[in-house]
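So the structure is just underneath, and the comments pick up after that.
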Amino acid sequence: MLRRRRSQTAHPPLGRAMRTDRALNVRAIGRSRWTILDIYHGMLRMSWPHVTATFFALFLSLNLLFAWAYSFDPTGINWGEKPVNAPVFWRAFFFSIDTIATIGYGNMYPRSVYANVLVVAEITLGVMFFAIVTGIAFARFSRPTARILFSRVAVVADVDGVPTLMFRAANLRHNLVFEARATVSVLRDETVGGSTMRRFKDLKLVRDQNPVFSLTWVIMHPIDADSPIADWVPGGEAPPNSELIVVLAGVDDRTGQTMHGRWAYTPGDIRWQTRFVDILGLASDGARTIDYRHFHDIEPSEPH
C-alpha cells in the first residue's frame with residue numbers, strides 16, 4: 001500500500017523559488033528596497049510580456065514628455081504644407097516619435113533654437129534608450145536556458161537492502177549536456193546552541209555526475225546510517241519544515257555555456273515504499289523511446 005503523508009505547513013519560500021523563476025519572497029528591513037543598479041537584473045528576471053509592456057510604457061512616456069515640451073513653442077516646428085489635422089500637442093507627439101525613431105519624413109522639422117535644443121536632447125536620450133533596450137533583449141536571448149524536467153515526486157524504496165531516496169530528471173531538448181553535475185541538499189530546522197536555525201546539509205549521491213546528459217537520469221541517495229536524513233526512515237516521514245533542494249548544472253554542447261536546472265521537494269512530495277514506472281523502451285525500428293506520459297507515475301515497490 002502506498003503511504004502518502006502531507007505536511008501541514010505551506011511550501012517554504014525557498015521551495016517556491018526553486019520551482020519557478022520568481023525571486024525569493026524576502027522582506028528587507030533597515031536598508032533601501034531598490035537602487036538604480038538593480039534595474040538591469042530586474043529586467044532580466046521579468047517575463048517577456050512585462051518587459052515588453054515596460055519598454056512600451058517608457059517609450060510612450062518619453063514621447064509624451066517631449067510633446068509637452070515642444071508645445072510651448074508651436075511656431076518652432078515647421079509642420080509641413082499639409083499638417084496633421086490635430087491639436088498642437090498631438091502634432092508635437094507625432095514629431096517626437098519621428099525624431100526619436102530617426103525616421104525623418106521631411107515634412108516636419110525644427111526651425112527655432114528652442115526646438116533644435118529639444119531635438120538634440122531627445123535624440124541623445126533616444127539613442128541611449130534603444131541601446132539599453134537592445135542590450136537587455138540580447139542578454140535575455142543569449143542567456144542559456146535548460147529544459148530540464150524533474151519528477152513531481154521523489155520516492156523511497158529499498159535498493160540492495162538500503163532505503164534509497166530517488167527522483168527523476170530528463171533533458172527535454174535531448175541535446176548533449178556535458179559534465180552534468182547534480183547536488184542535493186536537505187534544508188531543515190536544527191537546534192544549535194539553544195537557537196533554531198535553518199541549515200543546509202549535502203546528501204551523498206550514488207552518482208552525482210553524468211558525462212553526457214541527453215535523456216533521463218535517476219538521481220539516488222542511499223539513506224544509510226551516515227545520511228543527514230537517516231532519522232526519516234523509522235517513521236517513514238520527513239519533518240514538516242524540511243525540504244530537499246536540487247540543482248543540476250552542465251555545459252551545453254551548442255553554445256558552450258553552463259546551464260542550470262533546479263527543483264525542490266517538500267515532505268508532501270515524498271512517496272515511501274514506491275518506485276517509478278519504467279518509461280524507456282524500443283520502437284519497432286530499433287529507436288530508443290521515452291514515454292513522458294508516465295514520467296511522474298509511480299507504483300508500489302517490491303517487498304524485500
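Every chain in the C-alpha cells has a letter given in the order shown (A, B, ...), and although residue numbers restart at 1 in each chain, ligands are simply numbered from 1 in the order shown.
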
>> I'd like to know which residues of region 229-293 of chain A are strand (DSSP E or B) (by DSSP, run on the backbone); could you write them as a ChimeraX atom specification?
In response: /A:243-252,258-265,270-272,274-276,280-282,288-290

Write the residues of the selection above to a file with N, CA and C atoms, as a compact mmCIF listing (two decimals), in the first residue's frame.
# COMPACT_ATOMS: atom_id res chain seq x y z
N GLU A 243 12.94 20.43 3.52
CA GLU A 243 12.77 20.35 2.07
C GLU A 243 14.08 19.95 1.43
N LEU A 244 13.97 19.31 0.28
CA LEU A 244 15.13 18.88 -0.49
C LEU A 244 15.34 19.87 -1.64
N ILE A 245 16.55 20.40 -1.73
CA ILE A 245 16.89 21.38 -2.76
C ILE A 245 17.79 20.69 -3.78
N VAL A 246 17.39 20.75 -5.05
CA VAL A 246 18.12 20.08 -6.12
C VAL A 246 18.62 21.11 -7.12
N VAL A 247 19.89 21.04 -7.47
CA VAL A 247 20.48 21.89 -8.50
C VAL A 247 21.25 21.00 -9.47
N LEU A 248 20.96 21.16 -10.76
CA LEU A 248 21.63 20.38 -11.79
C LEU A 248 22.25 21.36 -12.79
N ALA A 249 23.53 21.18 -13.07
CA ALA A 249 24.25 22.08 -13.97
C ALA A 249 25.08 21.28 -14.95
N GLY A 250 25.26 21.84 -16.14
CA GLY A 250 26.07 21.20 -17.17
C GLY A 250 26.39 22.19 -18.27
N VAL A 251 27.23 21.77 -19.22
CA VAL A 251 27.67 22.63 -20.32
C VAL A 251 26.94 22.23 -21.58
N ASP A 252 26.25 23.20 -22.19
CA ASP A 252 25.53 22.95 -23.44
C ASP A 252 26.50 22.75 -24.58
N THR A 258 27.30 27.30 -19.52
CA THR A 258 26.79 26.49 -18.42
C THR A 258 25.32 26.80 -18.20
N MET A 259 24.50 25.74 -18.15
CA MET A 259 23.08 25.91 -17.90
C MET A 259 22.73 25.24 -16.58
N HIS A 260 21.64 25.71 -15.99
CA HIS A 260 21.23 25.22 -14.68
C HIS A 260 19.76 24.82 -14.69
N GLY A 261 19.45 23.82 -13.89
CA GLY A 261 18.08 23.46 -13.61
C GLY A 261 17.94 23.29 -12.10
N ARG A 262 16.76 23.54 -11.58
CA ARG A 262 16.59 23.46 -10.14
C ARG A 262 15.19 22.98 -9.81
N TRP A 263 15.06 22.41 -8.62
CA TRP A 263 13.77 21.92 -8.16
C TRP A 263 13.83 21.78 -6.65
N ALA A 264 12.69 21.57 -6.04
CA ALA A 264 12.62 21.38 -4.59
C ALA A 264 11.51 20.39 -4.28
N TYR A 265 11.74 19.57 -3.26
CA TYR A 265 10.76 18.60 -2.79
C TYR A 265 10.44 18.88 -1.33
N ILE A 270 7.20 13.40 -1.11
CA ILE A 270 7.98 12.16 -0.99
C ILE A 270 7.03 10.98 -0.80
N ARG A 271 7.18 9.97 -1.63
CA ARG A 271 6.36 8.76 -1.56
C ARG A 271 7.22 7.61 -1.06
N TRP A 272 6.77 6.95 -0.03
CA TRP A 272 7.52 5.88 0.60
C TRP A 272 7.07 4.53 0.07
N THR A 274 7.71 3.07 -2.72
CA THR A 274 7.27 3.13 -4.12
C THR A 274 8.48 3.24 -5.04
N ARG A 275 8.23 3.08 -6.31
CA ARG A 275 9.27 3.24 -7.32
C ARG A 275 8.64 3.86 -8.56
N PHE A 276 9.49 4.37 -9.45
CA PHE A 276 9.00 4.98 -10.67
C PHE A 276 8.64 3.93 -11.71
N LEU A 280 11.40 3.78 -20.40
CA LEU A 280 12.30 3.55 -21.51
C LEU A 280 11.86 2.33 -22.30
N GLY A 281 12.01 2.40 -23.61
CA GLY A 281 11.62 1.28 -24.45
C GLY A 281 12.29 1.37 -25.81
N LEU A 282 11.94 0.44 -26.67
CA LEU A 282 12.46 0.39 -28.04
C LEU A 282 11.31 0.33 -29.02
N ARG A 288 15.33 4.20 -29.66
CA ARG A 288 15.03 4.26 -28.24
C ARG A 288 13.88 5.23 -27.99
N THR A 289 12.98 4.88 -27.11
CA THR A 289 11.82 5.72 -26.83
C THR A 289 11.77 6.08 -25.34
N ILE A 290 11.21 7.23 -25.06
CA ILE A 290 10.96 7.70 -23.69
C ILE A 290 9.50 8.14 -23.62

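Residues in contact range of Phe129 (chain A), defined as at most 12 Å between only C-alpha atoms, with sequence neighbours fewer than 2 positions away removed, read Phe55, Phe56, Leu58, Phe59, Leu60, Leu62, Asn63, Ile100, Ala101, Glu122, Ile123, Thr124, Leu125, Gly126, Val127, Ala131, Ile132, Val133, Thr134, Gly135 and Ile136 of chain A.
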
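Distances to Gly268 (chain A) were evaluated for A:Arg168, A:Arg152, A:Arg199, A:Arg181 using only C-alpha atoms, and the minimum falls at A:Arg152.
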
>> Rounded to one decimal, what separation in Å do you get between CA of Arg140 (chain A) and CA of Ile39 (chain A)?
In response: 13.8 Å

>> Give me, as a ChimeraX atom specification, all polymer residues having an atom no more than 12 Å from Val177 (chain A), counting only C-alpha atoms and skipping those fewer than 5 positions away in the same chain.
In response: /A:144-148,170-172,209-216,248-261

> Could you name the residues that touch Asp158 (chain A) at 12 Å or less, counting only C-alpha atoms, but leaving out those on the same chain fewer than 3 positions away, as a PyMOL selection string?
Replying inline: chain A and resi 155+161-166+220-224+233+272-275+300-304

Saved selection, atoms kept: C-alpha atoms, as a compact mmCIF listing (two decimals), in the first residue's frame:
# COMPACT_ATOMS: atom_id res chain seq x y z
CA VAL A 155 10.33 8.07 -3.93
CA GLY A 161 18.62 -3.66 1.18
CA VAL A 162 19.26 0.06 1.76
CA PRO A 163 16.39 2.61 1.74
CA THR A 164 17.18 4.92 -1.14
CA LEU A 165 15.77 8.32 -2.00
CA MET A 166 15.24 8.70 -5.76
CA MET A 220 19.74 8.35 -5.97
CA HIS A 221 20.76 8.92 -2.36
CA PRO A 222 21.19 5.87 -0.06
CA ILE A 223 19.69 6.62 3.35
CA ASP A 224 22.29 4.82 5.43
CA VAL A 233 13.28 6.24 7.82
CA TRP A 272 7.52 5.88 0.60
CA GLN A 273 7.79 2.24 -0.46
CA THR A 274 7.27 3.13 -4.12
CA ARG A 275 9.27 3.24 -7.32
CA PRO A 300 4.42 0.07 -5.18
CA SER A 301 7.95 -1.26 -4.77
CA GLU A 302 8.54 -4.98 -4.47
CA PRO A 303 8.90 -6.17 -0.87
CA HIS A 304 12.35 -7.36 0.23

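Closest approach to Val184 (chain A) among A:Val156, A:Val119, A:Leu203, A:Ile77 is made by A:Leu203 (distances from only C-alpha atoms).
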
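Shortest atom-to-atom contact with Val206 (chain A) among A:Ile103, A:Ala182, A:Ile229, A:Val88: A:Ala182, counting only C-alpha atoms.
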
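One distance worth recording is that between CA of Pro87 (chain A) and CA of Val120 (chain A), which is 23.7 Å.
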
Can you list every residue in region 24-117 of chain A that DSSP puts in helix (DSSP H, G or I), as a PDB file with C-alpha atoms, in the first residue's frame?
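Saved result, result07.pdb, follows:
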ATOM      1  CA  ILE A  36      19.259  52.064  -9.770  1.00  0.00           C
ATOM      2  CA  LEU A  37      21.887  49.323 -10.025  1.00  0.00           C
ATOM      3  CA  ASP A  38      19.094  46.735  -9.709  1.00  0.00           C
ATOM      4  CA  ILE A  39      17.322  47.805 -12.921  1.00  0.00           C
ATOM      5  CA  TYR A  40      19.378  45.516 -15.171  1.00  0.00           C
ATOM      6  CA  HIS A  41      18.862  42.414 -13.027  1.00  0.00           C
ATOM      7  CA  GLY A  42      15.220  43.290 -12.560  1.00  0.00           C
ATOM      8  CA  MET A  43      14.711  43.409 -16.333  1.00  0.00           C
ATOM      9  CA  LEU A  44      16.372  40.009 -16.714  1.00  0.00           C
ATOM     10  CA  ARG A  45      14.065  38.470 -14.101  1.00  0.00           C
ATOM     11  CA  TRP A  48       8.733  38.832 -21.699  1.00  0.00           C
ATOM     12  CA  PRO A  49       5.215  40.357 -21.545  1.00  0.00           C
ATOM     13  CA  HIS A  50       6.238  42.502 -18.571  1.00  0.00           C
ATOM     14  CA  VAL A  51       9.476  43.618 -20.236  1.00  0.00           C
ATOM     15  CA  THR A  52       7.638  44.486 -23.466  1.00  0.00           C
ATOM     16  CA  ALA A  53       4.978  46.424 -21.580  1.00  0.00           C
ATOM     17  CA  THR A  54       7.658  48.284 -19.578  1.00  0.00           C
ATOM     18  CA  PHE A  55       9.587  49.325 -22.690  1.00  0.00           C
ATOM     19  CA  PHE A  56       6.392  50.410 -24.454  1.00  0.00           C
ATOM     20  CA  ALA A  57       5.313  52.467 -21.434  1.00  0.00           C
ATOM     21  CA  LEU A  58       8.741  54.141 -21.202  1.00  0.00           C
ATOM     22  CA  PHE A  59       8.766  54.889 -24.941  1.00  0.00           C
ATOM     23  CA  LEU A  60       5.272  56.364 -24.783  1.00  0.00           C
ATOM     24  CA  SER A  61       6.060  58.397 -21.663  1.00  0.00           C
ATOM     25  CA  LEU A  62       9.251  59.804 -23.177  1.00  0.00           C
ATOM     26  CA  ASN A  63       7.410  60.967 -26.295  1.00  0.00           C
ATOM     27  CA  LEU A  64       4.570  62.482 -24.267  1.00  0.00           C
ATOM     28  CA  LEU A  65       7.127  64.387 -22.189  1.00  0.00           C
ATOM     29  CA  PHE A  66       8.832  65.872 -25.243  1.00  0.00           C
ATOM     30  CA  ALA A  67       5.496  66.588 -26.914  1.00  0.00           C
ATOM     31  CA  TRP A  68       4.604  68.661 -23.876  1.00  0.00           C
ATOM     32  CA  ALA A  69       7.949  70.478 -24.133  1.00  0.00           C
ATOM     33  CA  TYR A  70       7.567  71.107 -27.898  1.00  0.00           C
ATOM     34  CA  PRO A  74       4.259  75.809 -31.549  1.00  0.00           C
ATOM     35  CA  THR A  75       5.907  78.004 -34.212  1.00  0.00           C
ATOM     36  CA  GLY A  76       9.335  76.487 -33.577  1.00  0.00           C
ATOM     37  CA  VAL A  88      -0.617  71.219 -31.446  1.00  0.00           C
ATOM     38  CA  PHE A  89       0.169  68.779 -28.622  1.00  0.00           C
ATOM     39  CA  TRP A  90      -0.567  65.715 -30.769  1.00  0.00           C
ATOM     40  CA  ARG A  91       1.305  67.189 -33.727  1.00  0.00           C
ATOM     41  CA  ALA A  92       4.264  67.588 -31.383  1.00  0.00           C
ATOM     42  CA  PHE A  93       3.751  64.000 -30.195  1.00  0.00           C
ATOM     43  CA  PHE A  94       3.985  62.652 -33.749  1.00  0.00           C
ATOM     44  CA  PHE A  95       7.009  64.877 -34.389  1.00  0.00           C
ATOM     45  CA  SER A  96       8.637  63.487 -31.245  1.00  0.00           C
ATOM     46  CA  ILE A  97       8.151  59.906 -32.441  1.00  0.00           C
ATOM     47  CA  ASP A  98       9.607  60.790 -35.860  1.00  0.00           C
ATOM     48  CA  THR A  99      12.592  62.373 -34.117  1.00  0.00           C
ATOM     49  CA  ILE A 100      13.360  59.706 -31.520  1.00  0.00           C
ATOM     50  CA  VAL A 113      16.673  77.435 -31.339  1.00  0.00           C
ATOM     51  CA  TYR A 114      14.396  76.094 -28.595  1.00  0.00           C
ATOM     52  CA  ALA A 115      13.032  73.311 -30.790  1.00  0.00           C
ATOM     53  CA  ASN A 116      16.509  72.361 -32.035  1.00  0.00           C
ATOM     54  CA  VAL A 117      17.813  72.124 -28.475  1.00  0.00           C
TER      55      VAL A 117
END
